[in-house]
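Colleague: Just so it is clear, I am handing over structure-v4.csv, which has CSV, C-alpha atoms.
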chain,number,residue,atom,x,y,z
V,1,MET,CA,-22.8,1.2,55.6
V,2,THR,CA,-23.1,4.7,56.9
V,3,ILE,CA,-25.5,5.6,54.1
V,4,GLN,CA,-28.3,3.6,55.8
V,5,GLY,CA,-30.4,5.8,58.0
V,6,ASN,CA,-29.2,9.0,56.5
V,7,ALA,CA,-32.3,10.6,54.9
V,8,ASN,CA,-30.3,13.1,53.0
V,9,THR,CA,-28.3,10.6,51.0
V,10,PRO,CA,-30.7,8.2,49.2
V,11,ARG,CA,-29.3,4.7,48.6
V,12,LYS,CA,-28.6,4.0,45.0
V,13,LEU,CA,-28.9,0.8,42.9
V,14,LEU,CA,-27.6,0.3,39.3
V,15,ALA,CA,-28.8,-2.8,37.4
V,16,VAL,CA,-27.1,-3.7,34.1
V,17,PHE,CA,-29.1,-6.2,32.2
V,18,ALA,CA,-29.5,-7.4,28.6
V,19,HIS,CA,-33.2,-7.4,27.5
V,20,PRO,CA,-36.5,-5.8,28.5
V,21,ASP,CA,-38.2,-8.2,30.9
V,22,ASP,CA,-35.0,-9.5,32.6
V,23,GLU,CA,-35.7,-7.0,35.4
V,24,THR,CA,-39.2,-8.2,35.9
V,25,PHE,CA,-39.0,-11.9,35.3
V,26,ILE,CA,-35.8,-12.4,37.4
V,27,CYS,CA,-36.0,-9.9,40.3
V,28,GLY,CA,-39.0,-7.7,39.9
V,29,GLY,CA,-40.0,-8.1,43.5
V,30,THR,CA,-36.6,-6.8,44.7
V,31,PHE,CA,-36.9,-3.7,42.6
V,32,ALA,CA,-40.4,-3.0,44.0
V,33,LYS,CA,-39.2,-3.6,47.5
V,34,TYR,CA,-36.3,-1.1,47.2
V,35,ALA,CA,-38.5,1.4,45.4
V,36,ALA,CA,-40.8,1.3,48.4
V,37,GLU,CA,-37.8,2.0,50.7
V,38,GLY,CA,-36.8,5.0,48.7
V,39,VAL,CA,-33.8,3.6,46.8
V,40,GLU,CA,-32.9,5.5,43.6
V,41,MET,CA,-32.7,2.9,40.9
V,42,THR,CA,-31.2,3.0,37.4
V,43,LEU,CA,-31.7,0.1,34.9
V,44,VAL,CA,-29.6,-0.4,31.8
V,45,SER,CA,-31.1,-2.6,29.1
V,46,ALA,CA,-28.3,-3.3,26.7
V,47,THR,CA,-30.8,-4.2,23.9
V,48,ARG,CA,-34.4,-3.7,23.1
V,49,GLY,CA,-35.0,-7.4,22.8
V,50,GLU,CA,-35.9,-7.0,19.2
V,51,MET,CA,-34.9,-10.5,18.2
V,52,GLY,CA,-37.4,-12.1,20.5
V,53,ARG,CA,-39.6,-14.9,19.2
V,54,ARG,CA,-42.7,-14.1,21.2
V,55,MET,CA,-44.7,-11.8,19.0
V,56,GLY,CA,-47.9,-11.5,21.1
V,57,ASN,CA,-50.8,-13.9,21.1
V,58,PRO,CA,-52.2,-13.8,18.5
V,59,PRO,CA,-49.1,-12.3,16.9
V,60,TYR,CA,-49.4,-8.6,16.5
V,61,LEU,CA,-45.7,-7.7,16.3
V,62,ASN,CA,-43.1,-8.2,13.7
V,63,ARG,CA,-39.3,-7.8,13.6
V,64,GLU,CA,-39.6,-4.2,12.6
V,65,THR,CA,-42.1,-3.2,15.3
V,66,MET,CA,-40.8,-5.3,18.1
V,67,ALA,CA,-38.0,-2.9,19.4
V,68,ALA,CA,-40.4,0.0,19.9
V,69,ALA,CA,-43.1,-2.2,21.5
V,70,ARG,CA,-40.6,-3.7,23.9
V,71,GLU,CA,-39.1,-0.4,24.8
V,72,GLN,CA,-42.6,0.9,25.7
V,73,GLU,CA,-43.4,-2.2,27.7
V,74,LEU,CA,-40.1,-1.8,29.6
V,75,ARG,CA,-41.0,1.8,30.4
V,76,GLU,CA,-44.3,0.6,31.8
V,77,ALA,CA,-42.7,-2.2,33.8
V,78,CYS,CA,-40.2,0.3,35.3
V,79,ALA,CA,-43.2,2.5,36.4
V,80,CYS,CA,-44.7,-0.6,38.0
V,81,LEU,CA,-41.5,-1.5,39.8
V,82,GLY,CA,-40.4,2.1,40.8
V,83,ILE,CA,-37.3,2.2,38.6
V,84,GLY,CA,-36.8,5.9,38.0
V,85,ASN,CA,-34.1,5.9,35.4
V,86,LEU,CA,-33.9,3.7,32.3
V,87,ILE,CA,-31.0,3.7,29.9
V,88,PHE,CA,-30.7,1.7,26.6
V,89,PHE,CA,-27.3,0.9,25.2
V,90,ASP,CA,-28.8,0.5,21.7
V,91,ILE,CA,-27.0,-2.8,21.1
V,92,ARG,CA,-28.7,-5.2,18.8
V,93,ASP,CA,-30.3,-8.1,20.6
V,94,LYS,CA,-28.1,-11.3,20.3
V,95,THR,CA,-25.0,-9.4,19.6
V,96,VAL,CA,-23.8,-8.2,23.0
V,97,GLU,CA,-21.0,-10.8,23.0
V,98,PHE,CA,-19.7,-9.6,19.6
V,99,GLU,CA,-19.4,-5.9,20.6
V,100,ASP,CA,-16.0,-4.5,21.3
V,101,GLU,CA,-15.5,-5.6,25.0
V,102,ARG,CA,-13.3,-2.7,26.1
V,103,SER,CA,-15.6,-0.1,24.8
V,104,LEU,CA,-18.6,-1.8,26.4
V,105,GLU,CA,-16.8,-2.0,29.8
V,106,GLY,CA,-15.9,1.7,29.4
V,107,ARG,CA,-19.5,2.7,29.0
V,108,ILE,CA,-20.5,0.8,32.1
V,109,GLU,CA,-17.5,2.0,34.1
V,110,ALA,CA,-18.4,5.6,33.2
V,111,LEU,CA,-22.0,5.0,34.5
V,112,ILE,CA,-20.7,3.5,37.7
V,113,ARG,CA,-18.4,6.4,38.3
V,114,ASP,CA,-21.2,8.9,37.5
V,115,ILE,CA,-24.0,7.3,39.6
V,116,ALA,CA,-21.8,5.9,42.4
V,117,PRO,CA,-24.3,3.2,43.2
V,118,ASP,CA,-24.3,1.4,46.6
V,119,VAL,CA,-25.4,-1.8,44.8
V,120,VAL,CA,-24.7,-3.0,41.3
V,121,LEU,CA,-26.7,-5.9,39.9
V,122,THR,CA,-25.9,-7.9,36.8
V,123,PHE,CA,-25.7,-11.4,35.4
V,124,HIS,CA,-23.1,-14.0,36.3
V,125,GLU,CA,-20.8,-14.3,33.4
V,126,ARG,CA,-21.0,-18.1,33.3
V,127,TYR,CA,-24.5,-18.8,34.7
V,128,GLY,CA,-26.3,-16.1,32.8
V,129,GLY,CA,-28.2,-18.6,30.8
V,130,HIS,CA,-28.1,-16.6,27.5
V,131,PRO,CA,-25.1,-15.3,25.6
V,132,ASP,CA,-26.2,-11.7,25.9
V,133,HIS,CA,-26.7,-12.2,29.6
V,134,CYS,CA,-23.2,-13.7,30.1
V,135,ALA,CA,-21.6,-10.9,27.9
V,136,ILE,CA,-23.3,-8.0,29.8
V,137,GLY,CA,-22.5,-9.7,33.1
V,138,LYS,CA,-18.8,-10.1,32.2
V,139,ALA,CA,-18.5,-6.5,31.0
V,140,THR,CA,-20.3,-5.1,34.1
V,141,THR,CA,-18.2,-7.2,36.4
V,142,ALA,CA,-15.0,-6.0,34.8
V,143,ALA,CA,-16.3,-2.4,34.9
V,144,PHE,CA,-17.2,-2.7,38.6
V,145,TRP,CA,-13.7,-3.8,39.5
V,146,ARG,CA,-12.1,-1.2,37.4
V,147,SER,CA,-14.2,1.6,38.9
V,148,ALA,CA,-13.7,2.9,42.4
V,149,ARG,CA,-16.1,0.0,43.5
V,150,LYS,CA,-17.3,1.6,46.7
V,151,GLY,CA,-20.5,-0.4,46.5
V,152,ALA,CA,-21.3,-4.0,46.3
V,153,LEU,CA,-21.7,-6.2,43.3
V,154,TYR,CA,-24.4,-9.0,43.1
V,155,PHE,CA,-25.3,-11.4,40.4
V,156,ILE,CA,-29.0,-12.0,39.8
V,157,THR,CA,-30.1,-15.7,39.7
V,158,PHE,CA,-33.1,-17.7,38.4
V,159,GLY,CA,-36.0,-18.9,40.5
V,160,ASP,CA,-34.8,-20.7,43.6
V,161,ALA,CA,-31.7,-22.3,42.1
V,162,MET,CA,-29.6,-20.6,44.8
V,163,GLU,CA,-31.4,-22.7,47.5
V,164,ARG,CA,-28.6,-25.1,46.6
V,165,PRO,CA,-25.6,-22.9,45.7
V,166,GLU,CA,-23.1,-25.8,46.1
V,167,ARG,CA,-24.1,-26.9,42.7
V,168,TYR,CA,-22.6,-23.8,41.3
V,169,GLY,CA,-19.5,-23.7,43.5
V,170,TYR,CA,-20.9,-21.2,46.0
V,171,LYS,CA,-21.7,-21.5,49.7
V,172,ARG,CA,-24.9,-20.5,51.4
V,173,LYS,CA,-23.2,-17.5,52.9
V,174,ASP,CA,-22.5,-16.2,49.4
V,175,VAL,CA,-26.3,-16.0,48.8
V,176,VAL,CA,-28.5,-13.0,49.6
V,177,LYS,CA,-32.2,-14.1,49.9
V,178,ILE,CA,-34.7,-11.3,49.7
V,179,ASP,CA,-38.3,-11.7,50.9
V,180,VAL,CA,-40.5,-10.1,48.3
V,181,GLN,CA,-43.9,-11.4,49.4
V,182,ALA,CA,-45.2,-7.9,50.1
V,183,TYR,CA,-44.3,-6.7,46.6
V,184,GLN,CA,-45.8,-9.4,44.4
V,185,SER,CA,-48.6,-7.2,43.1
V,186,ALA,CA,-46.1,-4.8,41.6
V,187,LYS,CA,-44.2,-7.7,40.1
V,188,LEU,CA,-47.4,-9.1,38.5
V,189,ALA,CA,-48.3,-5.7,37.1
V,190,ALA,CA,-44.8,-5.6,35.6
V,191,PHE,CA,-45.2,-9.1,34.1
V,192,ARG,CA,-48.4,-7.8,32.5
V,193,ALA,CA,-46.7,-4.7,31.2
V,194,HIS,CA,-44.4,-7.0,29.2
V,195,ARG,CA,-47.5,-8.0,27.3
V,196,CYS,CA,-46.0,-9.4,24.1
V,197,GLN,CA,-43.7,-11.6,26.1
V,198,THR,CA,-46.2,-12.9,28.7
V,199,GLU,CA,-49.4,-13.2,26.6
V,200,ILE,CA,-48.7,-16.9,25.8
V,201,ASP,CA,-48.3,-17.7,29.5
V,202,GLU,CA,-51.8,-18.2,30.5
V,203,TRP,CA,-51.1,-18.1,34.2
V,204,VAL,CA,-50.1,-14.4,34.1
V,205,TRP,CA,-53.6,-13.5,32.9
V,206,LEU,CA,-55.5,-15.5,35.5
V,207,ALA,CA,-57.3,-13.7,38.3
V,208,ASP,CA,-54.8,-11.8,40.4
V,209,ASN,CA,-54.8,-14.2,43.4
V,210,GLU,CA,-54.2,-17.2,41.2
V,211,ALA,CA,-51.5,-15.5,39.2
V,212,LEU,CA,-49.8,-14.2,42.4
V,213,SER,CA,-49.7,-17.7,43.8
V,214,ARG,CA,-47.2,-18.7,41.0
V,215,PHE,CA,-44.5,-16.4,42.4
V,216,GLY,CA,-41.9,-17.7,44.8
V,217,ARG,CA,-41.7,-15.8,48.1
V,218,HIS,CA,-37.9,-15.0,47.7
V,219,GLU,CA,-35.5,-13.7,45.1
V,220,TYR,CA,-31.9,-14.8,45.3
V,221,PHE,CA,-28.6,-12.9,44.6
V,222,LEU,CA,-25.0,-14.1,44.5
V,223,LYS,CA,-22.3,-12.0,46.1
V,224,GLY,CA,-19.9,-10.7,43.4
V,225,ASP,CA,-17.2,-10.6,46.0
V,226,VAL,CA,-17.3,-13.7,48.3
V,227,GLN,CA,-14.4,-12.3,50.3
V,228,ALA,CA,-16.3,-9.2,51.3
V,229,ALA,CA,-17.1,-8.7,54.9
V,230,GLN,CA,-20.3,-10.7,55.7
V,231,ARG,CA,-23.4,-8.5,56.1
V,232,ALA,CA,-27.0,-9.4,56.5
V,233,ASN,CA,-27.9,-12.1,53.9
V,234,THR,CA,-31.5,-10.8,53.6
V,235,ASP,CA,-30.7,-7.4,52.3
V,236,LEU,CA,-28.5,-6.1,49.4
V,237,PHE,CA,-27.5,-2.9,51.2
U,1,MET,CA,-15.6,-30.9,6.9
U,2,GLN,CA,-13.9,-30.9,10.3
U,3,LEU,CA,-15.2,-30.0,13.7
U,4,ILE,CA,-14.8,-26.3,14.3
U,5,GLU,CA,-11.5,-25.1,15.8
U,6,ARG,CA,-12.1,-21.7,17.3
U,7,THR,CA,-8.7,-20.3,16.8
U,8,ALA,CA,-8.5,-21.3,13.1
U,9,ILE,CA,-11.9,-19.8,12.4
U,10,GLN,CA,-11.1,-16.6,14.3
U,11,GLU,CA,-7.9,-16.2,12.2
U,12,ARG,CA,-10.0,-16.5,9.0
U,13,ILE,CA,-12.6,-14.1,10.2
U,14,ASP,CA,-9.8,-11.6,11.0
U,15,ARG,CA,-8.3,-12.1,7.5
U,16,PHE,CA,-11.6,-11.3,5.8
U,17,LYS,CA,-12.4,-8.1,7.7
U,18,ASP,CA,-12.5,-4.6,6.1
U,19,GLN,CA,-13.2,-5.8,2.5
U,20,ASP,CA,-16.1,-6.6,0.2
U,21,LEU,CA,-17.1,-10.2,0.4
U,22,TYR,CA,-19.8,-12.5,-0.9
U,23,LEU,CA,-22.0,-14.0,1.7
U,24,HIS,CA,-24.1,-17.2,1.7
U,25,LEU,CA,-26.2,-17.4,4.9
U,26,GLU,CA,-28.8,-20.2,5.3
U,27,MET,CA,-31.0,-21.8,7.8
U,28,THR,CA,-33.3,-24.7,7.2
U,29,THR,CA,-35.4,-27.1,9.3
U,30,GLY,CA,-35.6,-29.4,6.2
U,31,ALA,CA,-38.6,-29.5,3.9
U,32,TYR,CA,-39.8,-32.8,5.6
U,33,ALA,CA,-39.6,-31.4,9.1
U,34,SER,CA,-43.4,-31.9,9.6
U,35,HIS,CA,-43.5,-35.2,7.7
U,36,LEU,CA,-43.1,-37.4,10.8
U,37,ASP,CA,-44.0,-34.9,13.4
U,38,ALA,CA,-46.9,-32.6,12.6
U,39,SER,CA,-46.0,-30.3,15.5
U,40,LYS,CA,-42.8,-29.3,13.7
U,41,HIS,CA,-42.9,-26.2,11.4
U,42,PRO,CA,-40.9,-26.5,8.2
U,43,ALA,CA,-39.0,-23.3,7.4
U,44,ALA,CA,-36.0,-22.4,5.4
U,45,THR,CA,-34.3,-19.2,4.3
U,46,PHE,CA,-31.1,-18.3,2.5
U,47,VAL,CA,-29.3,-15.3,1.0
U,48,THR,CA,-26.6,-16.1,-1.5
U,49,ASN,CA,-23.9,-13.8,-2.9
U,50,ALA,CA,-25.0,-10.7,-1.1
U,51,VAL,CA,-22.1,-8.3,-0.9
U,52,VAL,CA,-21.1,-7.6,2.7
U,53,HIS,CA,-18.3,-5.7,4.5
U,54,TYR,CA,-17.6,-6.1,8.2
U,55,SER,CA,-15.2,-4.3,10.6
U,56,LEU,CA,-15.4,-6.5,13.6
U,57,GLY,CA,-16.1,-10.2,13.8
U,58,SER,CA,-15.7,-13.1,16.2
U,59,ILE,CA,-16.6,-16.7,17.0
U,60,SER,CA,-17.8,-17.6,20.4
U,61,GLY,CA,-19.2,-20.4,22.4
U,62,ASN,CA,-17.9,-23.9,23.2
U,63,GLY,CA,-19.6,-25.7,20.4
U,64,PRO,CA,-22.0,-25.5,18.7
U,65,TYR,CA,-20.6,-22.0,18.0
U,66,ARG,CA,-21.9,-18.6,17.3
U,67,VAL,CA,-20.5,-16.1,14.8
U,68,GLY,CA,-21.2,-12.3,14.8
U,69,LEU,CA,-19.9,-9.9,12.1
U,70,LYS,CA,-20.5,-6.2,12.7
U,71,MET,CA,-21.1,-4.1,9.6
U,72,ALA,CA,-21.5,-0.3,9.2
U,73,HIS,CA,-25.3,-0.6,9.1
U,74,GLY,CA,-26.1,-4.0,10.6
U,75,TRP,CA,-25.1,-7.5,11.6
U,76,ILE,CA,-24.5,-11.0,10.3
U,77,TYR,CA,-25.3,-13.5,13.0
U,78,SER,CA,-25.3,-17.3,13.0
U,79,GLU,CA,-25.8,-19.8,15.8
U,80,GLY,CA,-25.5,-23.6,15.9
U,81,LEU,CA,-22.3,-23.9,13.8
U,82,THR,CA,-20.4,-27.1,14.2
U,83,HIS,CA,-18.1,-27.8,11.2
U,84,TYR,CA,-15.8,-25.9,8.8
U,85,GLU,CA,-14.1,-26.8,5.5
U,86,GLU,CA,-10.5,-27.0,6.5
U,87,THR,CA,-9.2,-27.6,2.9
U,88,ASP,CA,-10.7,-24.4,1.6
U,89,THR,CA,-8.2,-21.6,2.5
U,90,GLU,CA,-9.6,-19.0,0.2
U,91,ARG,CA,-13.2,-19.1,1.5
U,92,LEU,CA,-14.7,-19.5,5.0
U,93,ILE,CA,-17.2,-22.3,4.9
U,94,LEU,CA,-19.1,-23.0,8.2
U,95,ALA,CA,-22.0,-25.2,8.8
U,96,GLY,CA,-24.0,-26.5,11.6
U,97,HIS,CA,-25.2,-30.1,11.5
U,98,ASP,CA,-27.7,-31.8,13.8
U,99,GLY,CA,-27.3,-35.1,15.6
U,100,GLN,CA,-28.1,-37.0,12.4
U,101,GLY,CA,-25.5,-35.0,10.4
U,102,LYS,CA,-28.0,-33.0,8.5
U,103,LEU,CA,-27.3,-29.4,7.7
U,104,VAL,CA,-29.3,-26.9,9.8
U,105,VAL,CA,-27.4,-23.7,9.3
U,106,ALA,CA,-24.6,-22.4,7.0
U,107,LEU,CA,-22.4,-19.3,7.0
U,108,GLN,CA,-20.0,-18.8,4.1
U,109,LEU,CA,-17.8,-15.9,3.0
U,110,SER,CA,-15.7,-15.5,-0.1
U,111,ARG,CA,-13.9,-12.9,-2.1
U,112,GLU,CA,-15.3,-14.4,-5.3
U,113,PRO,CA,-19.0,-15.2,-5.9
U,114,PHE,CA,-20.2,-18.7,-4.8
Take the structure in the file and give it back as structure tokens.
Modeller:
Amino acid sequence: MTIQGNANTPRKLLAVFAHPDDETFICGGTFAKYAAEGVEMTLVSATRGEMGRRMGNPPYLNRETMAAAREQELREACACLGIGNLIFFDIRDKTVEFEDERSLEGRIEALIRDIAPDVVLTFHERYGGHPDHCAIGKATTAAFWRSARKGALYFITFGDAMERPERYGYKRKDVVKIDVQAYQSAKLAAFRAHRCQTEIDEWVWLADNEALSRFGRHEYFLKGDVQAAQRANTDLF
Amino acid sequence: MQLIERTAIQERIDRFKDQDLYLHLEMTTGAYASHLDASKHPAATFVTNAVVHYSLGSISGNGPYRVGLKMAHGWIYSEGLTHYEETDTERLILAGHDGQGKLVVALQLSREPF
């Protein structure tokens, strides 16, 4: 890509996810890495995660206070990860799949056209693992293909599942594997920013070196277009 | 009760939109949930004959199913639905039964009070 190496044109990334914490728990290290490299990043959280069941430990949140708390936590996590632009779609948690699909696609397509990102990240529409994830992934994928799609689309994946992509009908060449070892501290800070969601996970609150040892060295992404010309499989750009 | 057929339920959801309806929405773990397993937490809740009005609604999933109904100021949402009453054409009666056939969740809509 000609964008690389041109200091006057910062590289841009748009991530379209469903809930506060998706960005941190799934690929926080990658955001921190690209922030350090000067990439301009925008995160969409379709919902505020207000239907979550983790209410803090001991519980200090309720259904009516959860949305504001999780919004604030996400703002703090974005600061930890270097995500400069945060957008909420104001969709109620658990209902993304019941929203009007065309209008949701339209909102995302407008964002893609406006931002013109080099990289778009979202969930895989079948392997998202949660109905809201699959629904936002499906809408974002459709919006990406409808837009000018000058950039590249990737699906975020969980843990190291993509060490064996064959299980999901993909090949190793379809996987981008990002080394995030140098960015684990930022990722841990973001985990702790999502306090109400991580408080019941004791390991997050252990001494830093112990907590950091729980993170895998890599984060994995699936290429949204497996026909696209092969580029480095250690970098999204 | 029959296993849910998605297209049949979607037709009924569409037929009921944009009008006042009576809702019964229920979820229960059963009052004896902790009787044999103290780690289980018995809980139940229901709303019956609340008047609702939705403009957009659908069923999704591959079974158990989810239903979401969008209202002017909120949502009706239910997950874990498995069965419907096929003989009742005036009302929409959906339920979710666990592996033992016990009711866990129910979502019902009618033009007349239940």
Colleague: Between V:His130, V:Arg231, V:Lys177, V:His218, which residue has the minimum interatomic distance to chain U, considering only C-alpha atoms?
Modeller: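 Among the listed residues, the smallest separation from chain U belongs to V:His130.
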Colleague: Would you mind telling me which residue in U:Thr29, U:Ile9, U:Trp75, U:Pro64 lies nearest to chain V when using all atoms listed in the file?
Modeller: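 Checking each candidate against chain V, we get U:Trp75 as the closest.
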Colleague: Please indicate the distance in Å from atom CA of Phe98 of chain V to atom CA of Gly68 of chain U, rounded to one decimal place.
Modeller: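 Rounded to one decimal, the two atoms are 5.7 Å apart.
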Colleague: Would you mind listing, for every residue of chain U within 8 Å of chain V, the two atoms forming the shortest contact and the distance between them in Å to one decimal, using only C-alpha atoms, sorted by chain and ascending residue number, as a tab-separated table?
Modeller:
residue	atom	partner	partner_atom	distance
U:Leu56	CA	V:Asp100	CA	8.0
U:Gly57	CA	V:Phe98	CA	6.9
U:Ser58	CA	V:Phe98	CA	6.3
U:Ser60	CA	V:Glu97	CA	8.0
U:Gly68	CA	V:Phe98	CA	5.7
U:Leu69	CA	V:Phe98	CA	7.5
U:Lys70	CA	V:Phe98	CA	7.7
U:Tyr77	CA	V:Thr95	CA	7.8
Colleague: Contacts of segment 39-51 of chain U at 9 Å or less, counting all atoms listed in the file, minus same-chain residues fewer than 2 places along, as a count of residues only?
Modeller: 25
Colleague: For the atom pair atom CA of Arg217 of chain V and atom CA of Gln72 of chain V, what is the interatomic distance in Å to one decimal place?
Modeller: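 We find that atom CA of Arg217 of chain V and atom CA of Gln72 of chain V lie 28.0 Å from each other.
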Colleague: Could you check how far atom CA of Gly74 of chain U sits from atom CA of Leu74 of chain V, in Å to one decimal?
Modeller: 23.7 Å
Colleague: Identify, on the basis of all atoms listed in the file, every residue whose closest approach to Thr65 of chain V does not exceed 10 Å; exclude the query and any residue fewer than 4 positions from it along the same chain; express the result as a PyMOL selection string.
Modeller: chain V and resi 50+55+60-61+69-70
Colleague: Skip Gln2 of chain U itself and residues of its chain fewer than 3 positions away, then list as number ranges by chain all residues within 8 Å of it, counting all atoms listed in the file.
Modeller: U: 83-86
Colleague: Restrict the selected residues to C-alpha atoms and save them as a PDB file, in the coordinates of the input.
Modeller:
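After the write, out14.pdb holds the following:
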ATOM      1  CA  HIS U  83     -18.100 -27.800  11.200  1.00  0.00           C
ATOM      2  CA  TYR U  84     -15.800 -25.900   8.800  1.00  0.00           C
ATOM      3  CA  GLU U  85     -14.100 -26.800   5.500  1.00  0.00           C
ATOM      4  CA  GLU U  86     -10.500 -27.000   6.500  1.00  0.00           C
TER       5      GLU U  86
END
Colleague: Set the distance at 10 Å and use all atoms listed in the file: which residues neighbour Gln230 of chain V once local chain neighbours fewer than 6 positions away are removed? I'd like the list as a list in words.
Modeller: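 Listing them by chain and then by number gives Lys173, Asp174 and Lys223 of chain V.
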Colleague: Dig up all the protein and nucleic acid residues within 8 Å of (-17.8, -17.5, 20.4) in the file frame, using all atoms listed in the file, and format them as a list in words.
Modeller: Glu97 of chain V; Arg6, Ser58, Ile59, Ser60, Gly61, Asn62, Tyr65, Arg66 and Val67 of chain U
Colleague: Rank U:Ser55, U:Val105, U:Arg111, U:Gly63 by their smallest atom-to-atom distance to Glu90 of chain U, using only C-alpha atoms, and report the top residue only.
Modeller: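 The shortest atom-to-atom distance to Glu90 of chain U comes from U:Arg111.
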Colleague: Would you pick out the contacts of Thr24 of chain V at 7 Å or less, using only C-alpha atoms, so that residues sharing its chain but fewer than 4 positions from it are not included, and give the list as an mmCIF file with C-alpha atoms, keeping the file's coordinate frame?
Modeller:
data_model
loop_
_atom_site.group_PDB
_atom_site.id
_atom_site.type_symbol
_atom_site.label_atom_id
_atom_site.label_comp_id
_atom_site.auth_asym_id
_atom_site.auth_seq_id
_atom_site.Cartn_x
_atom_site.Cartn_y
_atom_site.Cartn_z
ATOM 1 C CA GLY V 28 -39.000 -7.700 39.900
ATOM 2 C CA LYS V 187 -44.200 -7.700 40.100
ATOM 3 C CA ALA V 190 -44.800 -5.600 35.600
ATOM 4 C CA PHE V 191 -45.200 -9.100 34.100
#
Colleague: Using all atoms listed in the file - which residues lie no farther than 7 Å from the point (-15.9, -22.3, -0.2) in the file's frame? Write them as a list in words.
Modeller: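 The distance filter leaves exactly Asp88, Arg91, Leu92, Ile93, Gln108 and Ser110 of chain U.
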